Amino acid sequence: MSLPASRWPVPALDGLPDDIRSRILAVQEKAGFVPNVFLTLAHRPDEFRAFFAYHDALMEKEGGLTKAEREMIVVATSGANDCTYCVVAHGAILRIYAKNPRVADQVAVNYRKAEIAPRQQAMLAFALKVATDSAALADADYDAVRAHGYSDEDLWDIGAIAAFFALSNRMANLIAMRPNDEFYLMGRVPKPKA
């Protein structure tokens, strides 16, 4: 049974503006498939561009957070926000970056019991507070993360990723974005050798 990728119409690739089509084709070439987030958000091209510009600014930059830590933030906060798409899709990416087939499921359900460092647990405690109760942030929350060696710029990144994906989670739930089947096995079993 083939389920729709979204409640809203998913545009045909050949009908999209050149810049968006090029980006989607590049992702397809790299991943071997097109993640539904690209197709579903292309329904509104200007919003697609804004969304992915901020996504890239947060997730593809150099800084104090590793790629795996950035994905941990996405998975943990998306789990708290009940976003199936982001837990499944970013869980796959986290498994690959962390080289650990168990970590994404653990982080999505309860980061406190996950196979991660205490430093990363402190990072996720802060990220979850930003995602679910940001009005209650206090100096002690910042100090707890700094005590693990994170800088103020790292704190900004942790908070910005949590906040951005809170928006992403709500959009994915709004449009009933379905995770691609390909994500479910990524990073769980070794790739066949070429």
# chains A, B, ... in the order shown; residues from 1 in each chain; ligands from 1
>>> closest_atom_pairs(of="region 26-78 of chain A", to="region 97-103 of chain A", cutoff="9 Å", atoms="only C-alpha atoms", output="JSON lines")
{"residue": "A:Thr66", "atom": "CA", "partner": "A:Tyr97", "partner_atom": "CA", "distance": 9.0}
{"residue": "A:Lys67", "atom": "CA", "partner": "A:Tyr97", "partner_atom": "CA", "distance": 6.6}
{"residue": "A:Ala68", "atom": "CA", "partner": "A:Tyr97", "partner_atom": "CA", "distance": 5.1}
{"residue": "A:Glu69", "atom": "CA", "partner": "A:Ala98", "partner_atom": "CA", "distance": 8.5}
{"residue": "A:Glu71", "atom": "CA", "partner": "A:Tyr97", "partner_atom": "CA", "distance": 8.3}
{"residue": "A:Met72", "atom": "CA", "partner": "A:Val103", "partner_atom": "CA", "distance": 8.7}
>>> residues_around(residues="Met186 (chain A)", least_positions_apart="3", cutoff="12 Å", atoms="only C-alpha atoms", output="ChimeraX atom specification")
/A:31-32,88-97,99-102,104,180-183,189-192
>>> write_last_selection(atoms="N, CA and C atoms", output="PDB file, in the first residue's frame")
ATOM      1  N   ALA A  31      21.806  10.502  -1.904  1.00  0.00           N
ATOM      2  CA  ALA A  31      21.119   9.569  -1.008  1.00  0.00           C
ATOM      3  C   ALA A  31      20.587   8.322  -1.720  1.00  0.00           C
ATOM      4  N   GLY A  32      20.349   8.441  -3.007  1.00  0.00           N
ATOM      5  CA  GLY A  32      19.754   7.330  -3.733  1.00  0.00           C
ATOM      6  C   GLY A  32      18.232   7.386  -3.761  1.00  0.00           C
ATOM      7  N   VAL A  88      12.358   9.537  12.529  1.00  0.00           N
ATOM      8  CA  VAL A  88      12.780   8.470  11.617  1.00  0.00           C
ATOM      9  C   VAL A  88      13.894   8.951  10.683  1.00  0.00           C
ATOM     10  N   ALA A  89      13.699  10.094  10.034  1.00  0.00           N
ATOM     11  CA  ALA A  89      14.685  10.582   9.061  1.00  0.00           C
ATOM     12  C   ALA A  89      15.998  10.974   9.735  1.00  0.00           C
ATOM     13  N   HIS A  90      15.918  11.771  10.772  1.00  0.00           N
ATOM     14  CA  HIS A  90      17.150  12.218  11.426  1.00  0.00           C
ATOM     15  C   HIS A  90      17.745  11.120  12.304  1.00  0.00           C
ATOM     16  N   GLY A  91      16.916  10.186  12.731  1.00  0.00           N
ATOM     17  CA  GLY A  91      17.444   9.012  13.421  1.00  0.00           C
ATOM     18  C   GLY A  91      18.371   8.224  12.507  1.00  0.00           C
ATOM     19  N   ALA A  92      17.984   8.099  11.244  1.00  0.00           N
ATOM     20  CA  ALA A  92      18.828   7.408  10.267  1.00  0.00           C
ATOM     21  C   ALA A  92      20.162   8.129  10.108  1.00  0.00           C
ATOM     22  N   ILE A  93      20.106   9.441  10.008  1.00  0.00           N
ATOM     23  CA  ILE A  93      21.336  10.230   9.846  1.00  0.00           C
ATOM     24  C   ILE A  93      22.203  10.115  11.103  1.00  0.00           C
ATOM     25  N   LEU A  94      21.570  10.164  12.272  1.00  0.00           N
ATOM     26  CA  LEU A  94      22.316  10.025  13.529  1.00  0.00           C
ATOM     27  C   LEU A  94      23.008   8.671  13.604  1.00  0.00           C
ATOM     28  N   ARG A  95      22.323   7.606  13.252  1.00  0.00           N
ATOM     29  CA  ARG A  95      22.954   6.273  13.297  1.00  0.00           C
ATOM     30  C   ARG A  95      24.200   6.241  12.428  1.00  0.00           C
ATOM     31  N   ILE A  96      24.132   6.891  11.278  1.00  0.00           N
ATOM     32  CA  ILE A  96      25.273   6.903  10.364  1.00  0.00           C
ATOM     33  C   ILE A  96      26.420   7.733  10.944  1.00  0.00           C
ATOM     34  N   TYR A  97      26.133   8.956  11.392  1.00  0.00           N
ATOM     35  CA  TYR A  97      27.193   9.821  11.935  1.00  0.00           C
ATOM     36  C   TYR A  97      27.805   9.245  13.210  1.00  0.00           C
ATOM     37  N   LYS A  99      27.821   6.103  14.021  1.00  0.00           N
ATOM     38  CA  LYS A  99      28.282   4.732  13.779  1.00  0.00           C
ATOM     39  C   LYS A  99      27.785   3.799  14.885  1.00  0.00           C
ATOM     40  N   ASN A 100      26.519   4.002  15.247  1.00  0.00           N
ATOM     41  CA  ASN A 100      25.908   3.226  16.323  1.00  0.00           C
ATOM     42  C   ASN A 100      24.456   2.947  15.936  1.00  0.00           C
ATOM     43  N   PRO A 101      24.089   1.696  15.649  1.00  0.00           N
ATOM     44  CA  PRO A 101      22.734   1.397  15.201  1.00  0.00           C
ATOM     45  C   PRO A 101      21.669   1.536  16.283  1.00  0.00           C
ATOM     46  N   ARG A 102      22.063   1.666  17.545  1.00  0.00           N
ATOM     47  CA  ARG A 102      21.102   1.745  18.647  1.00  0.00           C
ATOM     48  C   ARG A 102      20.822   3.166  19.128  1.00  0.00           C
ATOM     49  N   ALA A 104      20.005   6.204  18.008  1.00  0.00           N
ATOM     50  CA  ALA A 104      18.883   7.073  17.640  1.00  0.00           C
ATOM     51  C   ALA A 104      17.604   6.675  18.365  1.00  0.00           C
ATOM     52  N   ASN A 180      10.161   8.393   4.438  1.00  0.00           N
ATOM     53  CA  ASN A 180      10.466   7.451   3.360  1.00  0.00           C
ATOM     54  C   ASN A 180      10.813   6.095   3.957  1.00  0.00           C
ATOM     55  N   ASP A 181      10.416   5.045   3.277  1.00  0.00           N
ATOM     56  CA  ASP A 181      10.738   3.694   3.746  1.00  0.00           C
ATOM     57  C   ASP A 181      12.241   3.488   3.876  1.00  0.00           C
ATOM     58  N   GLU A 182      13.019   4.113   3.019  1.00  0.00           N
ATOM     59  CA  GLU A 182      14.475   3.929   3.017  1.00  0.00           C
ATOM     60  C   GLU A 182      15.116   4.294   4.359  1.00  0.00           C
ATOM     61  N   PHE A 183      14.534   5.258   5.068  1.00  0.00           N
ATOM     62  CA  PHE A 183      15.138   5.708   6.316  1.00  0.00           C
ATOM     63  C   PHE A 183      15.167   4.629   7.399  1.00  0.00           C
ATOM     64  N   VAL A 189      22.090  -1.660   9.442  1.00  0.00           N
ATOM     65  CA  VAL A 189      22.808  -2.816   8.912  1.00  0.00           C
ATOM     66  C   VAL A 189      23.945  -2.299   8.033  1.00  0.00           C
ATOM     67  N   PRO A 190      25.057  -3.005   8.021  1.00  0.00           N
ATOM     68  CA  PRO A 190      26.182  -2.540   7.194  1.00  0.00           C
ATOM     69  C   PRO A 190      25.789  -2.487   5.716  1.00  0.00           C
ATOM     70  N   LYS A 191      26.350  -1.501   5.030  1.00  0.00           N
ATOM     71  CA  LYS A 191      26.138  -1.398   3.585  1.00  0.00           C
ATOM     72  C   LYS A 191      26.852  -2.560   2.904  1.00  0.00           C
ATOM     73  N   PRO A 192      26.249  -3.079   1.835  1.00  0.00           N
ATOM     74  CA  PRO A 192      26.964  -4.136   1.101  1.00  0.00           C
ATOM     75  C   PRO A 192      28.242  -3.562   0.489  1.00  0.00           C
TER      76      PRO A 192
END
>>> closest_residue(among="A:Met177, A:Phe126, A:Ala166, A:Asp157", to="Thr84 (chain A)", atoms="only C-alpha atoms")
A:Met177
>>> closest_residue(among="A:Ala114, A:Val107, A:Ala176, A:Ala76", to="Thr132 (chain A)", atoms="only C-alpha atoms")
A:Ala76
>>> residues_around(residues="Ala163 (chain A)", least_positions_apart="6", cutoff="10 Å", atoms="only C-alpha atoms", output="list in words")
Val74, Thr77, Ala127, Leu128, Val130, Ala131, Thr132, Ser134, Asp157 and Asn169 of chain A
>>> residues_around(residues="Asp154 (chain A)", least_positions_apart="2", cutoff="8 Å", atoms="only C-alpha atoms", output="list in words")
Gly63, Gly64, Leu65, Tyr150, Ser151, Asp152, Trp156, Asp157 and Ile158 of chain A
>>> atom_distance(atom1="CA of Arg70 (chain A)", atom2="CA of Asp18 (chain A)")
29.5 Å
>>> closest_atom_pairs(of="region 143-180 of chain A", to="region 39-51 of chain A", cutoff="10 Å", atoms="only C-alpha atoms", output="CSV")
residue,atom,partner,partner_atom,distance
A:Phe164,CA,A:Phe51,CA,9.0
A:Leu167,CA,A:Phe51,CA,9.7
A:Ser168,CA,A:Phe51,CA,8.6
A:Met171,CA,A:Leu41,CA,9.2
A:Ala172,CA,A:Thr40,CA,9.1
A:Ile175,CA,A:Thr40,CA,8.3
A:Ala176,CA,A:Thr40,CA,9.8
A:Met177,CA,A:Thr40,CA,7.3
A:Arg178,CA,A:Thr40,CA,9.5
>>> atom_distance(atom1="CA of Ala57 (chain A)", atom2="CA of Ile73 (chain A)")
15.3 Å
>>> atom_distance(atom1="CA of Asp82 (chain A)", atom2="CA of Asn173 (chain A)")
8.3 Å
